[in-house]
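**Student:** What follows is upload_30.cif; its format and atoms are mmCIF, C-alpha atoms.
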data_protein
#
loop_
_atom_site.label_atom_id
_atom_site.label_comp_id
_atom_site.auth_asym_id
_atom_site.auth_seq_id
_atom_site.Cartn_x
_atom_site.Cartn_y
_atom_site.Cartn_z
CA MET A 1 -16.37 50.33 2.50
CA ARG A 2 -12.77 51.55 2.44
CA ILE A 3 -10.60 51.14 -0.68
CA SER A 4 -8.80 48.25 1.07
CA GLU A 5 -12.09 46.34 1.42
CA LEU A 6 -13.07 47.16 -2.19
CA SER A 7 -9.71 45.69 -3.18
CA ALA A 8 -10.18 42.57 -1.07
CA ARG A 9 -13.73 41.94 -2.28
CA SER A 10 -13.05 42.66 -5.96
CA GLY A 11 -9.63 41.01 -6.12
CA ALA A 12 -8.21 44.17 -7.78
CA PRO A 13 -4.99 45.50 -6.19
CA ILE A 14 -5.27 49.01 -4.65
CA PRO A 15 -2.96 50.62 -7.28
CA THR A 16 -5.27 49.22 -9.99
CA LEU A 17 -8.31 50.74 -8.25
CA LYS A 18 -6.48 54.07 -7.98
CA PHE A 19 -5.72 53.89 -11.69
CA TYR A 20 -9.42 53.24 -12.47
CA LEU A 21 -10.34 56.24 -10.28
CA ARG A 22 -7.77 58.49 -11.93
CA GLU A 23 -8.95 57.43 -15.40
CA ARG A 24 -12.58 57.96 -14.30
CA LEU A 25 -13.49 54.39 -15.21
CA LEU A 26 -14.62 54.12 -11.59
CA PRO A 27 -16.69 57.00 -10.12
CA PRO A 28 -15.17 58.69 -7.06
CA GLY A 29 -16.20 57.46 -3.59
CA THR A 30 -17.91 59.61 -0.99
CA PRO A 31 -15.24 61.67 0.86
CA THR A 32 -15.13 60.86 4.58
CA GLY A 33 -12.55 63.43 5.65
CA GLY A 34 -8.81 63.40 5.28
CA ARG A 35 -7.79 61.53 2.18
CA GLN A 36 -10.27 58.70 2.81
CA ALA A 37 -13.34 57.87 0.75
CA GLU A 38 -16.18 55.43 1.14
CA TYR A 39 -17.19 53.00 -1.63
CA ASP A 40 -20.35 50.96 -2.03
CA GLU A 41 -21.78 47.94 -3.85
CA ARG A 42 -22.07 49.90 -7.07
CA HIS A 43 -18.32 50.46 -7.06
CA LEU A 44 -17.80 46.76 -6.53
CA ALA A 45 -20.09 45.91 -9.46
CA ARG A 46 -18.21 48.40 -11.64
CA VAL A 47 -14.79 46.96 -10.79
CA ARG A 48 -16.10 43.48 -11.55
CA LEU A 49 -17.42 44.68 -14.90
CA ILE A 50 -14.13 46.40 -15.84
CA HIS A 51 -12.35 43.18 -14.95
CA ALA A 52 -14.69 41.14 -17.15
CA LEU A 53 -14.24 43.55 -20.07
CA THR A 54 -10.44 43.72 -19.86
CA ASP A 55 -9.66 40.17 -18.75
CA VAL A 56 -12.31 37.92 -20.27
CA GLY A 57 -13.14 40.29 -23.14
CA ARG A 58 -9.52 41.44 -23.67
CA MET A 59 -10.86 44.92 -24.45
CA ARG A 60 -8.63 47.92 -24.84
CA LEU A 61 -9.16 50.67 -22.30
CA ARG A 62 -10.68 53.07 -24.80
CA ASP A 63 -13.28 50.42 -25.69
CA VAL A 64 -13.98 49.82 -21.99
CA ARG A 65 -14.58 53.55 -21.61
CA ARG A 66 -17.03 53.56 -24.52
CA VAL A 67 -18.98 50.66 -22.99
CA LEU A 68 -19.06 52.33 -19.55
CA ASP A 69 -20.23 55.61 -21.11
CA ALA A 70 -23.10 53.77 -22.78
CA ILE A 71 -24.03 52.19 -19.45
CA ASP A 72 -23.87 55.48 -17.54
CA ASP A 73 -25.90 57.42 -20.07
CA THR A 74 -29.17 56.08 -18.72
CA GLY A 75 -31.05 58.06 -21.36
CA ARG A 76 -29.73 55.50 -23.89
CA PRO A 77 -31.49 52.14 -24.01
CA LEU A 78 -29.74 49.05 -22.61
CA HIS A 79 -29.72 47.69 -26.14
CA GLU A 80 -27.20 50.38 -27.10
CA ALA A 81 -24.90 49.59 -24.17
CA LEU A 82 -24.99 45.91 -25.13
CA GLY A 83 -24.34 46.78 -28.76
CA ALA A 84 -21.36 48.96 -27.81
CA ALA A 85 -19.93 46.08 -25.76
CA GLN A 86 -20.50 43.53 -28.49
CA TYR A 87 -18.92 45.73 -31.15
CA ALA A 88 -15.92 46.38 -28.89
CA LEU A 89 -15.55 42.64 -28.28
CA ALA A 90 -15.09 41.82 -31.93
CA SER A 91 -11.54 41.59 -33.16
CA PRO A 92 -10.86 44.45 -35.58
CA PRO A 93 -12.32 43.28 -38.89
CA ALA A 94 -9.85 42.30 -41.57
CA HIS A 95 -10.11 44.99 -44.21
CA GLY A 96 -9.67 44.10 -47.83
CA GLY A 97 -8.35 40.87 -49.26
CA ASP A 98 -11.68 39.13 -48.75
CA ASP A 99 -13.28 37.42 -51.71
CA PRO A 100 -16.21 39.63 -52.79
CA SER A 101 -18.42 36.58 -53.17
CA ALA A 102 -17.90 35.84 -49.44
CA SER A 103 -19.93 38.97 -48.72
CA ALA A 104 -22.70 37.82 -51.05
CA ILE A 105 -22.79 34.39 -49.39
CA ALA A 106 -23.00 36.00 -45.93
CA GLY A 107 -25.83 38.21 -47.18
CA GLU A 108 -27.79 35.23 -48.50
CA LEU A 109 -27.33 33.46 -45.18
CA VAL A 110 -28.62 36.44 -43.16
CA HIS A 111 -31.59 36.64 -45.51
CA ALA A 112 -32.35 32.90 -45.27
CA LEU A 113 -32.26 33.10 -41.47
CA ARG A 114 -34.38 36.29 -41.47
CA TRP A 115 -31.85 37.95 -39.18
CA ARG A 116 -31.72 41.66 -38.57
CA VAL A 117 -28.00 42.44 -38.55
CA ARG A 118 -26.51 45.83 -39.34
CA PRO A 119 -24.32 45.86 -42.44
CA ASP A 120 -21.43 47.30 -40.39
CA SER A 121 -21.70 44.58 -37.71
CA PRO A 122 -18.17 43.38 -36.94
CA ALA A 123 -19.50 39.83 -36.54
CA ARG A 124 -20.70 40.01 -40.12
CA GLY A 125 -17.20 41.13 -41.18
CA ALA A 126 -15.73 38.20 -39.23
CA LEU A 127 -18.11 35.80 -40.98
CA GLU A 128 -17.17 37.15 -44.41
CA HIS A 129 -13.50 36.84 -43.54
CA ALA A 130 -13.90 33.21 -42.39
CA ILE A 131 -15.82 32.31 -45.57
CA SER A 132 -13.09 33.99 -47.57
CA ARG A 133 -10.43 31.90 -45.82
CA LEU A 134 -12.41 28.75 -46.60
CA MET A 135 -12.37 29.74 -50.27
CA ALA A 136 -8.67 30.60 -50.15
CA ALA A 137 -8.00 27.15 -48.68
CA GLY A 138 -9.61 25.75 -51.81
CA TRP A 139 -12.70 24.31 -50.17
CA PRO A 140 -16.05 24.67 -51.86
CA VAL A 141 -18.45 26.72 -49.74
CA ASP A 142 -21.51 24.63 -49.01
CA ARG A 143 -24.49 26.93 -48.39
CA ASP A 144 -26.51 24.17 -46.70
CA GLU A 145 -23.63 23.54 -44.32
CA LEU A 146 -23.44 27.26 -43.42
CA LEU A 147 -27.19 27.29 -42.91
CA ARG A 148 -26.89 24.35 -40.49
CA TYR A 149 -24.41 26.34 -38.39
CA GLY A 150 -26.61 29.43 -38.67
CA ARG A 151 -29.60 27.47 -37.37
CA ALA A 152 -27.54 26.13 -34.45
CA ALA A 153 -26.57 29.72 -33.53
CA ASP A 154 -30.16 30.85 -34.02
CA ALA A 155 -31.44 28.16 -31.64
CA LEU A 156 -28.99 29.16 -28.90
CA ALA A 157 -29.49 32.95 -29.16
CA PRO A 158 -32.94 33.54 -27.59
CA GLU A 159 -31.92 31.97 -24.27
CA GLU A 160 -28.62 33.92 -24.34
CA VAL A 161 -30.48 37.19 -24.90
CA ALA A 162 -33.01 36.32 -22.17
CA ALA A 163 -30.21 35.49 -19.71
CA VAL A 164 -28.72 38.95 -20.30
CA ARG A 165 -32.07 40.68 -19.87
CA ARG A 166 -32.81 38.88 -16.60
CA ARG A 167 -29.98 40.82 -14.92
CA THR A 168 -31.22 43.63 -12.75
CA THR A 169 -28.61 46.33 -13.38
CA ARG A 170 -27.10 47.59 -16.62
CA GLU A 171 -23.63 46.65 -15.36
CA GLU A 172 -24.71 43.08 -14.73
CA ALA A 173 -26.43 42.78 -18.10
CA VAL A 174 -23.35 43.95 -20.01
CA GLU A 175 -21.08 41.75 -17.86
CA ARG A 176 -23.29 38.72 -18.55
CA MET A 177 -23.24 39.44 -22.28
CA VAL A 178 -19.46 39.79 -22.47
CA VAL A 179 -18.69 36.79 -20.27
CA GLY A 180 -21.34 34.71 -22.05
CA THR A 181 -20.11 35.60 -25.52
CA VAL A 182 -16.41 35.02 -24.87
CA ILE A 183 -16.50 32.03 -22.54
CA PHE A 184 -19.27 30.26 -24.43
CA ASP A 185 -17.26 30.66 -27.66
CA ALA A 186 -14.54 28.64 -25.92
CA ILE A 187 -17.05 26.17 -24.48
CA LEU A 188 -18.72 25.60 -27.83
CA SER A 189 -15.37 25.18 -29.57
CA ALA A 190 -14.29 22.56 -27.02
CA LEU A 191 -17.65 20.79 -27.21
CA ARG A 192 -17.48 20.63 -31.01
CA ARG A 193 -14.09 18.93 -30.84
CA MET A 194 -15.30 16.49 -28.21
CA ALA A 195 -18.43 15.69 -30.23
CA GLN A 196 -16.27 15.11 -33.32
CA GLU A 197 -13.92 12.85 -31.37
CA SER A 198 -16.88 10.86 -30.08
CA HIS A 199 -18.68 10.58 -33.43
CA SER A 200 -15.41 9.78 -35.16
CA ALA A 201 -14.82 6.90 -32.71
CA ASP A 202 -18.39 5.67 -33.33
CA SER A 203 -18.00 5.66 -37.10
CA ARG A 204 -14.63 3.92 -37.15
CA MET B 1 6.25 19.06 -62.74
CA ARG B 2 9.33 21.13 -61.92
CA ILE B 3 9.74 22.82 -58.53
CA SER B 4 8.85 26.16 -60.16
CA GLU B 5 5.48 24.79 -61.25
CA LEU B 6 4.89 23.21 -57.82
CA SER B 7 5.56 26.66 -56.37
CA ALA B 8 3.20 28.38 -58.80
CA ARG B 9 0.40 25.87 -58.29
CA SER B 10 0.70 25.63 -54.50
CA GLY B 11 1.41 29.31 -53.87
CA ALA B 12 4.45 28.36 -51.75
CA PRO B 13 7.70 30.21 -52.61
CA ILE B 14 10.54 27.97 -53.87
CA PRO B 15 12.72 28.57 -50.74
CA THR B 16 9.79 27.36 -48.61
CA LEU B 17 9.47 24.20 -50.72
CA LYS B 18 13.24 23.61 -50.39
CA PHE B 19 12.90 24.00 -46.63
CA TYR B 20 10.07 21.42 -46.57
CA LEU B 21 12.25 19.04 -48.63
CA ARG B 22 15.25 19.54 -46.35
CA GLU B 23 13.10 18.95 -43.26
CA ARG B 24 11.59 15.86 -44.94
CA LEU B 25 8.08 17.27 -44.49
CA LEU B 26 7.83 16.86 -48.27
CA PRO B 27 9.10 13.62 -49.83
CA PRO B 28 11.86 14.04 -52.44
CA GLY B 29 10.87 14.29 -56.10
CA THR B 30 12.00 11.87 -58.78
CA PRO B 31 15.52 12.86 -59.95
CA THR B 32 15.59 13.76 -63.64
CA GLY B 33 19.33 14.26 -64.02
CA GLY B 34 21.47 17.20 -63.00
CA ARG B 35 20.06 18.93 -59.95
CA GLN B 36 16.49 18.76 -61.22
CA ALA B 37 13.66 16.67 -59.83
CA GLU B 38 10.11 15.97 -60.92
CA TYR B 39 7.12 16.44 -58.59
CA ASP B 40 3.57 15.16 -58.92
CA GLU B 41 0.04 15.75 -57.64
CA ARG B 42 0.85 14.01 -54.37
CA HIS B 43 3.53 16.60 -53.68
CA LEU B 44 1.02 19.34 -54.41
CA ALA B 45 -1.51 17.81 -52.01
CA ARG B 46 1.18 17.55 -49.33
CA VAL B 47 2.22 21.21 -49.69
CA ARG B 48 -1.41 22.24 -49.47
CA LEU B 49 -1.83 20.18 -46.31
CA ILE B 50 1.32 21.61 -44.67
CA HIS B 51 0.00 25.07 -45.49
CA ALA B 52 -3.38 24.29 -43.93
CA LEU B 53 -1.74 22.91 -40.77
CA THR B 54 0.70 25.79 -40.28
CA ASP B 55 -1.43 28.67 -41.53
CA VAL B 56 -5.04 27.86 -40.71
CA GLY B 57 -4.19 25.48 -37.83
CA ARG B 58 -1.23 27.57 -36.58
CA MET B 59 0.57 24.33 -35.75
CA ARG B 60 4.19 24.19 -34.73
CA LEU B 61 6.49 22.30 -37.08
CA ARG B 62 7.00 19.43 -34.70
CA ASP B 63 3.23 18.94 -34.51
CA VAL B 64 3.01 19.09 -38.31
CA ARG B 65 5.64 16.35 -38.48
CA ARG B 66 3.68 14.18 -36.05
CA VAL B 67 0.52 14.55 -38.14
CA LEU B 68 2.38 13.78 -41.38
CA ASP B 69 3.99 10.72 -39.78
CA ALA B 70 0.55 9.44 -38.79
CA ILE B 71 -0.67 9.97 -42.37
CA ASP B 72 2.35 8.25 -43.92
CA ASP B 73 2.21 5.24 -41.63
CA THR B 74 -0.57 3.60 -43.62
CA GLY B 75 -0.59 0.70 -41.18
CA ARG B 76 -2.25 3.07 -38.73
CA PRO B 77 -5.96 3.76 -39.19
CA LEU B 78 -7.08 7.14 -40.52
CA HIS B 79 -8.76 7.68 -37.17
CA GLU B 80 -5.32 7.95 -35.57
CA ALA B 81 -4.06 10.48 -38.11
CA LEU B 82 -7.17 12.58 -37.50
CA GLY B 83 -6.73 12.24 -33.75
CA ALA B 84 -3.08 13.33 -33.98
CA ALA B 85 -4.14 16.39 -35.99
CA GLN B 86 -6.97 17.27 -33.61
CA TYR B 87 -4.77 16.93 -30.54
CA ALA B 88 -2.06 19.08 -32.19
CA LEU B 89 -4.69 21.71 -33.03
CA ALA B 90 -5.70 22.26 -29.43
CA SER B 91 -4.00 25.08 -27.61
CA PRO B 92 -1.79 23.63 -24.87
CA PRO B 93 -4.16 22.92 -22.00
CA ALA B 94 -3.95 25.25 -19.02
CA HIS B 95 -2.51 23.16 -16.21
CA GLY B 96 -3.57 23.80 -12.65
CA GLY B 97 -5.58 26.68 -11.31
CA ASP B 98 -8.81 25.13 -12.57
CA ASP B 99 -11.63 24.63 -10.12
CA PRO B 100 -11.83 20.88 -9.40
CA SER B 101 -15.60 20.97 -9.69
CA ALA B 102 -15.19 22.15 -13.32
CA SER B 103 -13.81 18.71 -14.11
CA ALA B 104 -16.79 17.03 -12.42
CA ILE B 105 -19.23 19.21 -14.37
CA ALA B 106 -17.46 18.37 -17.65
CA GLY B 107 -17.62 14.68 -16.73
CA GLU B 108 -21.37 14.86 -16.06
CA LEU B 109 -21.88 16.59 -19.40
CA VAL B 110 -19.94 13.93 -21.32
CA HIS B 111 -21.96 11.27 -19.54
CA ALA B 112 -25.31 12.98 -20.24
CA LEU B 113 -24.42 13.27 -23.93
CA ARG B 114 -23.17 9.64 -24.02
CA TRP B 115 -19.96 10.83 -25.66
CA ARG B 116 -16.85 8.70 -25.90
CA VAL B 117 -14.04 11.16 -25.20
CA ARG B 118 -10.64 10.16 -23.86
CA PRO B 119 -9.88 11.59 -20.40
CA ASP B 120 -6.66 13.18 -21.77
CA SER B 121 -8.47 14.85 -24.69
CA PRO B 122 -7.19 18.46 -24.94
CA ALA B 123 -10.70 19.59 -25.88
CA ARG B 124 -11.91 18.23 -22.56
CA GLY B 125 -9.15 20.19 -20.80
CA ALA B 126 -10.23 23.32 -22.72
CA LEU B 127 -13.84 22.77 -21.63
CA GLU B 128 -12.83 22.38 -17.99
CA HIS B 129 -10.75 25.53 -18.22
CA ALA B 130 -13.63 27.53 -19.74
CA ILE B 131 -16.06 26.30 -17.05
CA SER B 132 -13.48 27.23 -14.45
CA ARG B 133 -13.22 30.76 -15.88
CA LEU B 134 -17.01 31.05 -15.73
CA MET B 135 -16.88 30.15 -12.04
CA ALA B 136 -13.99 32.54 -11.43
CA ALA B 137 -16.02 35.33 -13.04
CA GLY B 138 -18.63 34.63 -10.37
CA TRP B 139 -21.30 33.24 -12.67
CA PRO B 140 -23.33 30.23 -11.59
CA VAL B 141 -22.75 27.30 -13.93
CA ASP B 142 -26.07 26.23 -15.37
CA ARG B 143 -25.92 22.54 -16.30
CA ASP B 144 -28.97 22.79 -18.56
CA GLU B 145 -27.32 25.65 -20.43
CA LEU B 146 -24.15 23.60 -20.96
CA LEU B 147 -26.25 20.68 -22.12
CA ARG B 148 -27.93 22.93 -24.69
CA TYR B 149 -24.52 23.84 -26.15
CA GLY B 150 -23.47 20.19 -25.99
CA ARG B 151 -26.55 19.16 -27.96
CA ALA B 152 -25.86 21.84 -30.58
CA ALA B 153 -22.29 20.50 -30.98
CA ASP B 154 -23.62 16.95 -31.04
CA ALA B 155 -26.07 17.80 -33.83
CA LEU B 156 -23.34 19.35 -35.99
CA ALA B 157 -20.71 16.63 -35.51
CA PRO B 158 -22.03 13.69 -37.61
CA GLU B 159 -22.04 15.76 -40.79
CA GLU B 160 -18.58 17.13 -39.98
CA VAL B 161 -17.21 13.62 -39.48
CA ALA B 162 -18.92 12.42 -42.68
CA ALA B 163 -17.47 15.35 -44.67
CA VAL B 164 -13.98 14.34 -43.52
CA ARG B 165 -14.54 10.68 -44.38
CA ARG B 166 -15.82 11.49 -47.86
CA ARG B 167 -12.30 12.68 -48.82
CA THR B 168 -10.47 10.17 -50.93
CA THR B 169 -6.92 10.53 -49.63
CA ARG B 170 -5.60 10.63 -46.07
CA GLU B 171 -4.04 14.04 -46.78
CA GLU B 172 -7.37 15.45 -47.89
CA ALA B 173 -9.24 13.98 -44.92
CA VAL B 174 -6.83 15.52 -42.41
CA GLU B 175 -6.83 18.83 -44.29
CA ARG B 176 -10.62 18.90 -44.26
CA MET B 177 -10.69 18.16 -40.55
CA VAL B 178 -8.21 20.90 -39.66
CA VAL B 179 -9.71 23.54 -41.94
CA GLY B 180 -13.23 22.57 -40.85
CA THR B 181 -12.43 22.68 -37.16
CA VAL B 182 -10.58 25.99 -37.19
CA ILE B 183 -12.56 27.96 -39.75
CA PHE B 184 -15.94 26.71 -38.55
CA ASP B 185 -15.01 27.74 -35.01
CA ALA B 186 -14.68 31.28 -36.39
CA ILE B 187 -17.84 30.95 -38.48
CA LEU B 188 -19.89 29.69 -35.54
CA SER B 189 -18.54 32.41 -33.26
CA ALA B 190 -19.51 35.09 -35.81
CA LEU B 191 -22.93 33.52 -36.38
CA ARG B 192 -23.63 33.41 -32.63
CA ARG B 193 -22.91 37.13 -32.36
CA MET B 194 -25.08 37.90 -35.36
CA ALA B 195 -27.93 35.76 -33.99
CA GLN B 196 -27.66 37.54 -30.64
CA GLU B 197 -27.69 40.94 -32.33
CA SER B 198 -30.76 39.96 -34.29
CA HIS B 199 -32.65 38.43 -31.37
CA SER B 200 -31.65 41.33 -29.14
CA ALA B 201 -33.12 43.76 -31.67
CA ASP B 202 -36.31 41.66 -31.83
CA SER B 203 -36.79 41.64 -28.06
CA ARG B 204 -36.18 45.34 -27.53
#
Here is the file; what I need is its structure written in the form of structure tokens.
**Tutor:**
Amino acid sequence: MRISELSARSGAPIPTLKFYLRERLLPPGTPTGGRQAEYDERHLARVRLIHALTDVGRMRLRDVRRVLDAIDDTGRPLHEALGAAQYALASPPAHGGDDPSASAIAGELVHALRWRVRPDSPARGALEHAISRLMAAGWPVDRDELLRYGRAADALAPEEVAAVRRRTTREEAVERMVVGTVIFDAILSALRRMAQESHSADSR
Amino acid sequence: MRISELSARSGAPIPTLKFYLRERLLPPGTPTGGRQAEYDERHLARVRLIHALTDVGRMRLRDVRRVLDAIDDTGRPLHEALGAAQYALASPPAHGGDDPSASAIAGELVHALRWRVRPDSPARGALEHAISRLMAAGWPVDRDELLRYGRAADALAPEEVAAVRRRTTREEAVERMVVGTVIFDAILSALRRMAQESHSADSR
């Protein structure tokens, strides 16, 4: 397809596509003479993925590049491409200022749930920061309560991981992971508030 | 206590406390002659609540005032004060642009879960918007998947509502609700990512 059709089908304006090409986020098309080039379904999938990473995932361009590099280096397992995307998704961890016992509580929780999570996982940093804020707000940290949330996350994860792995291409798998992580955060947050509203009305 | 002690115990600088007093977010202290006034534990609880609403809940001042009004109007049930706080917590709902079928899907989900949620609930608007984004990203919306998240939220809610109701004062109940909603959103989001990392490593 011509660049105009790639634009129409992906929804990305032509100048945006030219920027992706210039920045090598999008591989060049096949030259067809003159200044024209031909693009295919793989280009379309790539544009869709870049859009998901930057729009839904709000990733910076240098993080997008890192994720795309991990996808393109087919010698690296899919797991690494997914990991690169997940790490890039996390907001930069808050350094310092966290209560040291928040880290110990997070460690206990990971242990109780028998999770395998790298110590430098940004999600782990985010958890420690949230626990620290709870402490700073003067609320006692209830380990059983945290465990209840951990179990809820644990119950949802296998299907989420399976949904990612069902995708046929690496692009699609990473896109599914990013979209699933970000949009389902919003969905779960909304559902929690609705469930609270409903249960609160019941217990009036 | 003097204003200096209220400042020390609440962590709020004196100019901030004076601003709260001027804006009538904080009720006046008992005059003790001269320009001095005496404050008590109720003032401390109120400063702590304002801090939770503005800092953790990122509420605008006019929303804080609405929540405080609902707390102070003791003729109104606690349920209404909590509702005012929860509605103020929600990001302003995205108007328009949402796929109309997102609203139908959200309605089916509420029905399947037998939830009582007002049609103008901002959380419901947030859910519809998130479903709409999922559709816009080109992903099929899996009703069973949504129901799984709904059930997870439903399982967590009764304990959350009970934790709020265990608080002895209206201030504390609202504070618990706001801190719980916001910080546990962050905790659950971090836990989901950690669970996915762990399950993804297991299924490699």
**Student:** Could you name the residues that touch Arg46 in chain B at 10 Å or less, counting all atoms listed in the file, but leaving out those on the same chain fewer than 4 positions away, as a count of residues only?
**Tutor:** 13
**Student:** Using all atoms listed in the file, select each residue of chain B with any atom at most 8 Å away from an atom of chain A, and give the selection as a VMD selection string.
**Tutor:** chain B and resid 52 79 83 86 115 to 117 121 123 to 124 126 to 127 130 to 131 133 to 134 137 148 to 150 152 to 154 156 to 158 160 to 161 179 181 183 to 201 204
**Student:** Mind giving me the straight-line distance from CA of Ala70 in chain B to CA of Ala85 in chain B in Å, one decimal?
**Tutor:**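 Pair CA of Ala70 in chain B / CA of Ala85 in chain B returns 8.8 Å.
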**Student:** Fewer than 5 positions away in the same chain doesn't count, so skip those; otherwise give me all residues within 12 Å of Gln36 in chain B, counting only C-alpha atoms, as a short mmCIF file (atom, residue, chain, number, x, y, z; two decimals) with C-alpha atoms, in the coordinates of the input.
**Tutor:**
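Result written to part15.cif:
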data_model
loop_
_atom_site.label_atom_id
_atom_site.label_comp_id
_atom_site.auth_asym_id
_atom_site.auth_seq_id
_atom_site.Cartn_x
_atom_site.Cartn_y
_atom_site.Cartn_z
CA MET B 1 6.25 19.06 -62.74
CA ARG B 2 9.33 21.13 -61.92
CA ILE B 3 9.74 22.82 -58.53
CA SER B 4 8.85 26.16 -60.16
CA PRO B 28 11.86 14.04 -52.44
CA GLY B 29 10.87 14.29 -56.10
CA THR B 30 12.00 11.87 -58.78
CA PRO B 31 15.52 12.86 -59.95
#
**Student:** One decimal, in Å: what's the spacing between CA of Val174 in chain A and CA of Ala81 in chain A?
**Tutor:**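 Computed distance, CA of Val174 in chain A to CA of Ala81 in chain A, equals 7.2 Å.
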**Student:** Please, what is the axis-aligned box for every listed atom of range 105-112 of chain A with 5 Å on each side, as centre and edge lengths in Å to one decimal, as AutoDock Vina command-line options?
**Tutor:**
--center_x -27.6 --center_y 35.6 --center_z -46.3 --size_x 19.6 --size_y 15.3 --size_z 16.2
**Student:** For Leu21 in chain B, which residue among B:Arg9, B:Arg60, B:His43, B:Arg35 is the nearest when counting only C-alpha atoms?
**Tutor:** B:His43
**Student:** Please measure the separation of CA of Leu6 in chain B and CA of Ala136 in chain A, giving the value in Å to one decimal.
**Tutor:**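 Spanning CA of Leu6 in chain B to CA of Ala136 in chain A is a straight-line distance of 17.2 Å.
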